[in-house]
Amino acid sequence: MAAPPNSNLIEIQDEIRDDFGWKLAADLDSAKNLRWVCNEKSWSLETWNDQGRLNTQLNLQEQLISGPISILGAAAEPEDVRDAILAGHRLIVADGSVGVLIEAEYPEIAWNSLLCVVGDADGDMAHLAMAAERKIPFILHAHGDNQAEWLELLDVLHLYNTPLILTHQTPSQLAGMINPGGFTDGDRAVCFALALNVSCNQITLRGFRTDIIGRWTGATVPERKMRKLEWMSRILQIAGVEM
């Protein structure tokens with residue numbers, strides 16, 4: 001089962017909402033809507049109901065805790081994939097960063113090393129669809145302004161019967177969803193791994209930068225994105241994982 005989250009990784013979400021002027025109610029509405037849509041679709045995909053998503057979480061947890069992991073952020077490059085594979089690491093990718101696997105020296109080995117995609121559905125849909133078709137579990141996140149994106153991605157995931165876990169960023173306890181803490185896709189991937197009992201010393205970060213906007217970043221406003229990366233750095237410090 002998931003470990004109790006570090007309360008500091010949850011509480012910082014309120015600070016971030018205040019900093020950007022976002023409303024908790026919007027985050028909560030998006031989360032509840034995502035859960036509702038998934039449960040409605042579960043008549044044809046049993047893996048998408050509450051129990052099915054929990055089973056996916058338990059199966060993924062067993063794989064995550066079994067060895068070293070590299071988490072690929074938005075600035076990941078093919079050499080990061082190569083180095084991770086040579087070190088015997090399995091992979092977690094942050095949303096659109098999954099595109100770097102296509103450029104890897106040995107893409108099939110890279111794909112076979114991928115355990116899950118953690119994101120809010122703003123990455124390149126063609127790249128996300130490649131992971132979905134391979135039935136790589138998606139850790140799909142709901143926040144106040146991404147409902148159109150997760151709706152579009154859900155259609156792709158439904159087509160391929162892709163395993164799914166749902167995350168949110170509210171202090172509420174929402175059945176069938178988890179709040180592992182964190183904010184950006186990259187640091188949330190770290191928080192998610194820690195919530196599934198992965199230890200800090202199992203995790204290596206690759207393609208995490210605070211001085212540039214990574215090329216796998218979804219559509220964004222540059223100035224606002226740089227502020228987001230500052231928050232990412234703070235969250236990683238709290239989590240105890242070094243960039």
# chains A, B, ... in the order shown; residues from 1 in each chain; ligands from 1
$ residues_around --residues "Tyr160 in chain A" --least-positions-apart "6" --cutoff "9 Å" --atoms "only C-alpha atoms" --output "count of residues only"
5
$ residues_around --residues "range 99-104 of chain A" --least-positions-apart "4" --cutoff "7 Å" --atoms "only C-alpha atoms" --output "list in words"
Ala76, Glu77, Pro78, Val81, Arg82, Ala110, Trp111 and His127 of chain A
$ closest_residue --among "A:Ser199, A:Thr210, A:Asn179, A:Thr217" --to "Leu9 in chain A" --atoms "only C-alpha atoms"
A:Asn179
$ residues_around --residues "range 10-25 of chain A" --least-positions-apart "6" --cutoff "8 Å" --atoms "only C-alpha atoms" --output "PyMOL selection string"
chain A and resi 144+169-171+179-183+231+235
$ write_last_selection --atoms "C-alpha atoms" --output "PDB file, in the first residue's frame"
ATOM      1  CA  GLY A 144      -7.828  23.183 -12.139  1.00  0.00           C
ATOM      2  CA  GLN A 169      -3.474  18.112  -5.535  1.00  0.00           C
ATOM      3  CA  THR A 170      -6.060  18.846  -2.866  1.00  0.00           C
ATOM      4  CA  PRO A 171      -6.079  18.213   0.899  1.00  0.00           C
ATOM      5  CA  ASN A 179      -2.239  12.936  -3.557  1.00  0.00           C
ATOM      6  CA  PRO A 180       1.440  12.002  -3.361  1.00  0.00           C
ATOM      7  CA  GLY A 181       2.456  15.646  -3.027  1.00  0.00           C
ATOM      8  CA  GLY A 182       4.408  17.818  -5.400  1.00  0.00           C
ATOM      9  CA  PHE A 183       3.525  20.201  -8.190  1.00  0.00           C
ATOM     10  CA  TRP A 231       8.911  25.469  -6.818  1.00  0.00           C
ATOM     11  CA  ILE A 235       9.840  20.295  -3.479  1.00  0.00           C
TER      12      ILE A 235
END
$ closest_residue --among "A:Arg90, A:Met125, A:Gly67, A:Trp36" --to "Val156 in chain A" --atoms "only C-alpha atoms"
A:Met125
$ atom_distance --atom1 "CA of Leu196 in chain A" --atom2 "CA of Glu230 in chain A"
24.9 Å
$ residues_around --residues "range 40-57 of chain A" --least-positions-apart "2" --cutoff "7 Å" --atoms "only C-alpha atoms" --output "number ranges by chain"
A: 36-38, 59-61, 161, 163-165, 176
$ residues_around --residues "Leu166 in chain A" --least-positions-apart "5" --cutoff "7 Å" --atoms "only C-alpha atoms" --output "PDB file with N, CA and C atoms, in the first residue's frame"
ATOM      1  N   ILE A 139       0.079   7.622 -14.700  1.00  0.00           N
ATOM      2  CA  ILE A 139      -0.284   8.244 -13.429  1.00  0.00           C
ATOM      3  C   ILE A 139      -0.828   9.616 -13.803  1.00  0.00           C
ATOM      4  N   LEU A 140      -2.127   9.691 -13.971  1.00  0.00           N
ATOM      5  CA  LEU A 140      -2.759  10.862 -14.570  1.00  0.00           C
ATOM      6  C   LEU A 140      -3.228  11.834 -13.493  1.00  0.00           C
ATOM      7  N   HIS A 141      -2.815  13.083 -13.665  1.00  0.00           N
ATOM      8  CA  HIS A 141      -3.031  14.098 -12.630  1.00  0.00           C
ATOM      9  C   HIS A 141      -4.108  15.088 -13.038  1.00  0.00           C
ATOM     10  N   MET A 177      -8.258   7.862  -5.634  1.00  0.00           N
ATOM     11  CA  MET A 177      -7.215   8.767  -6.089  1.00  0.00           C
ATOM     12  C   MET A 177      -6.202   8.937  -4.965  1.00  0.00           C
ATOM     13  N   ILE A 178      -5.005   9.375  -5.309  1.00  0.00           N
ATOM     14  CA  ILE A 178      -4.015   9.670  -4.278  1.00  0.00           C
ATOM     15  C   ILE A 178      -3.422  11.054  -4.534  1.00  0.00           C
TER      16      ILE A 178
END
$ atom_distance --atom1 "CA of Gly240 in chain A" --atom2 "CA of Gly96 in chain A"
24.4 Å
$ closest_residue --among "A:Leu58, A:Leu174, A:Gln147, A:Val241" --to "Leu194 in chain A" --atoms "only C-alpha atoms"
A:Val241
$ closest_residue --among "A:Glu223, A:Asp122, A:Asp187, A:Glu108" --to "Arg209 in chain A" --atoms "only C-alpha atoms"
A:Asp187
$ residues_around --residues "Ala189 in chain A" --least-positions-apart "5" --cutoff "12 Å" --atoms "only C-alpha atoms" --output "VMD selection string"
chain A and resid 64 69 to 74 91 to 95 97 115 to 120 138 to 141 167 179 to 184 194 to 196 198 203 to 205 208 232 235 to 236 239 241
$ decode --residues "range 36-177 of chain A" --atoms "C-alpha atoms" --output "CSV table (one decimal), in the first residue's frame"
chain,number,residue,atom,x,y,z
A,36,TRP,CA,-16.2,10.2,-12.3
A,37,VAL,CA,-15.3,9.9,-16.0
A,38,CYS,CA,-13.0,7.0,-15.3
A,39,ASN,CA,-15.6,5.2,-13.2
A,40,GLU,CA,-18.2,5.8,-16.0
A,41,LYS,CA,-15.8,4.3,-18.5
A,42,SER,CA,-15.0,1.3,-16.3
A,43,TRP,CA,-18.0,-0.6,-17.5
A,44,SER,CA,-15.9,-1.6,-20.5
A,45,LEU,CA,-12.5,-1.5,-18.7
A,46,GLU,CA,-12.5,-3.1,-15.3
A,47,THR,CA,-9.0,-1.8,-14.7
A,48,TRP,CA,-10.4,1.7,-14.6
A,49,ASN,CA,-12.7,1.2,-11.6
A,50,ASP,CA,-11.5,2.0,-8.0
A,51,GLN,CA,-10.4,-1.6,-7.4
A,52,GLY,CA,-8.8,-1.9,-10.8
A,53,ARG,CA,-6.7,1.3,-10.3
A,54,LEU,CA,-5.7,0.0,-6.9
A,55,ASN,CA,-4.5,-3.3,-8.4
A,56,THR,CA,-2.5,-1.3,-10.9
A,57,GLN,CA,-0.9,0.7,-8.1
A,58,LEU,CA,0.0,-2.4,-6.1
A,59,ASN,CA,1.5,-4.1,-9.2
A,60,LEU,CA,3.5,-1.0,-10.1
A,61,GLN,CA,4.7,-0.6,-6.5
A,62,GLU,CA,6.1,-4.2,-6.6
A,63,GLN,CA,8.2,-3.2,-9.6
A,64,LEU,CA,9.3,0.2,-8.3
A,65,ILE,CA,10.7,-1.1,-5.0
A,66,SER,CA,12.7,-3.9,-6.7
A,67,GLY,CA,15.7,-1.8,-7.8
A,68,PRO,CA,17.2,1.5,-8.9
A,69,ILE,CA,15.1,4.0,-10.8
A,70,SER,CA,15.9,7.0,-13.1
A,71,ILE,CA,13.2,9.6,-13.4
A,72,LEU,CA,13.4,11.6,-16.7
A,73,GLY,CA,12.4,15.2,-16.6
A,74,ALA,CA,11.6,17.7,-19.3
A,75,ALA,CA,15.2,18.4,-20.2
A,76,ALA,CA,16.1,14.7,-20.7
A,77,GLU,CA,18.3,13.8,-23.6
A,78,PRO,CA,19.1,10.5,-25.3
A,79,GLU,CA,22.3,10.2,-23.3
A,80,ASP,CA,20.3,10.3,-20.1
A,81,VAL,CA,18.4,7.3,-21.3
A,82,ARG,CA,21.6,5.5,-22.3
A,83,ASP,CA,23.2,6.2,-18.9
A,84,ALA,CA,20.2,5.0,-17.0
A,85,ILE,CA,20.0,1.8,-18.9
A,86,LEU,CA,23.7,1.1,-18.6
A,87,ALA,CA,23.4,1.6,-14.9
A,88,GLY,CA,20.6,-1.0,-14.8
A,89,HIS,CA,17.9,1.5,-13.9
A,90,ARG,CA,14.2,1.2,-14.7
A,91,LEU,CA,12.6,4.4,-15.9
A,92,ILE,CA,9.8,6.8,-14.9
A,93,VAL,CA,9.1,9.6,-17.3
A,94,ALA,CA,7.4,12.9,-16.6
A,95,ASP,CA,4.7,13.4,-19.2
A,96,GLY,CA,6.0,14.6,-22.6
A,97,SER,CA,9.5,13.5,-21.7
A,98,VAL,CA,8.5,10.1,-23.0
A,99,GLY,CA,9.4,11.4,-26.4
A,100,VAL,CA,13.1,11.1,-25.6
A,101,LEU,CA,12.8,7.3,-25.7
A,102,ILE,CA,12.2,7.5,-29.4
A,103,GLU,CA,15.6,9.2,-29.8
A,104,ALA,CA,17.4,6.7,-27.6
A,105,GLU,CA,20.2,4.6,-29.0
A,106,TYR,CA,18.3,1.4,-28.4
A,107,PRO,CA,14.7,2.5,-28.3
A,108,GLU,CA,13.2,-1.0,-27.7
A,109,ILE,CA,15.4,-1.5,-24.6
A,110,ALA,CA,14.4,2.0,-23.4
A,111,TRP,CA,10.7,1.2,-23.9
A,112,ASN,CA,11.1,-2.1,-22.1
A,113,SER,CA,12.7,-0.3,-19.2
A,114,LEU,CA,9.8,2.1,-18.8
A,115,LEU,CA,7.6,1.5,-15.7
A,116,CYS,CA,5.1,4.4,-15.9
A,117,VAL,CA,4.3,7.9,-17.2
A,118,VAL,CA,3.5,10.6,-14.6
A,119,GLY,CA,1.8,13.6,-16.0
A,120,ASP,CA,-1.1,16.0,-16.5
A,121,ALA,CA,-1.6,15.3,-20.2
A,122,ASP,CA,0.0,18.3,-21.7
A,123,GLY,CA,2.8,16.4,-23.5
A,124,ASP,CA,2.9,15.6,-27.2
A,125,MET,CA,-0.1,13.4,-27.7
A,126,ALA,CA,1.6,11.3,-30.4
A,127,HIS,CA,4.4,10.4,-27.9
A,128,LEU,CA,2.0,9.7,-25.1
A,129,ALA,CA,0.0,7.5,-27.4
A,130,MET,CA,3.0,5.4,-28.1
A,131,ALA,CA,3.3,4.6,-24.4
A,132,ALA,CA,-0.4,4.0,-24.1
A,133,GLU,CA,-0.3,1.5,-26.9
A,134,ARG,CA,2.4,-0.4,-25.1
A,135,LYS,CA,0.1,-0.4,-22.0
A,136,ILE,CA,2.6,1.5,-19.9
A,137,PRO,CA,0.7,2.6,-16.7
A,138,PHE,CA,-0.3,6.3,-16.7
A,139,ILE,CA,-0.3,8.2,-13.4
A,140,LEU,CA,-2.8,10.9,-14.6
A,141,HIS,CA,-3.0,14.1,-12.6
A,142,ALA,CA,-6.0,16.5,-12.3
A,143,HIS,CA,-5.6,20.2,-11.6
A,144,GLY,CA,-7.8,23.2,-12.1
A,145,ASP,CA,-7.0,24.0,-15.7
A,146,ASN,CA,-6.2,20.7,-17.4
A,147,GLN,CA,-9.7,19.1,-17.8
A,148,ALA,CA,-9.6,19.4,-21.6
A,149,GLU,CA,-6.2,17.8,-21.7
A,150,TRP,CA,-7.0,14.8,-19.5
A,151,LEU,CA,-10.3,14.3,-21.4
A,152,GLU,CA,-8.3,14.0,-24.7
A,153,LEU,CA,-5.8,11.7,-23.2
A,154,LEU,CA,-8.4,9.5,-21.6
A,155,ASP,CA,-9.8,8.7,-25.1
A,156,VAL,CA,-6.4,7.5,-26.1
A,157,LEU,CA,-5.9,5.5,-23.0
A,158,HIS,CA,-9.3,4.0,-23.3
A,159,LEU,CA,-8.6,2.9,-26.9
A,160,TYR,CA,-5.6,0.9,-25.7
A,161,ASN,CA,-7.0,-0.3,-22.4
A,162,THR,CA,-4.0,1.4,-20.7
A,163,PRO,CA,-3.6,0.8,-16.9
A,164,LEU,CA,-4.4,4.0,-14.9
A,165,ILE,CA,-3.7,5.6,-11.5
A,166,LEU,CA,-5.3,8.9,-10.6
A,167,THR,CA,-3.6,11.7,-8.6
A,168,HIS,CA,-4.8,15.1,-7.4
A,169,GLN,CA,-3.5,18.1,-5.5
A,170,THR,CA,-6.1,18.8,-2.9
A,171,PRO,CA,-6.1,18.2,0.9
A,172,SER,CA,-9.3,16.2,0.5
A,173,GLN,CA,-9.4,12.4,0.8
A,174,LEU,CA,-10.8,11.2,-2.6
A,175,ALA,CA,-11.6,7.5,-2.9
A,176,GLY,CA,-9.8,5.9,-5.8
A,177,MET,CA,-7.2,8.8,-6.1
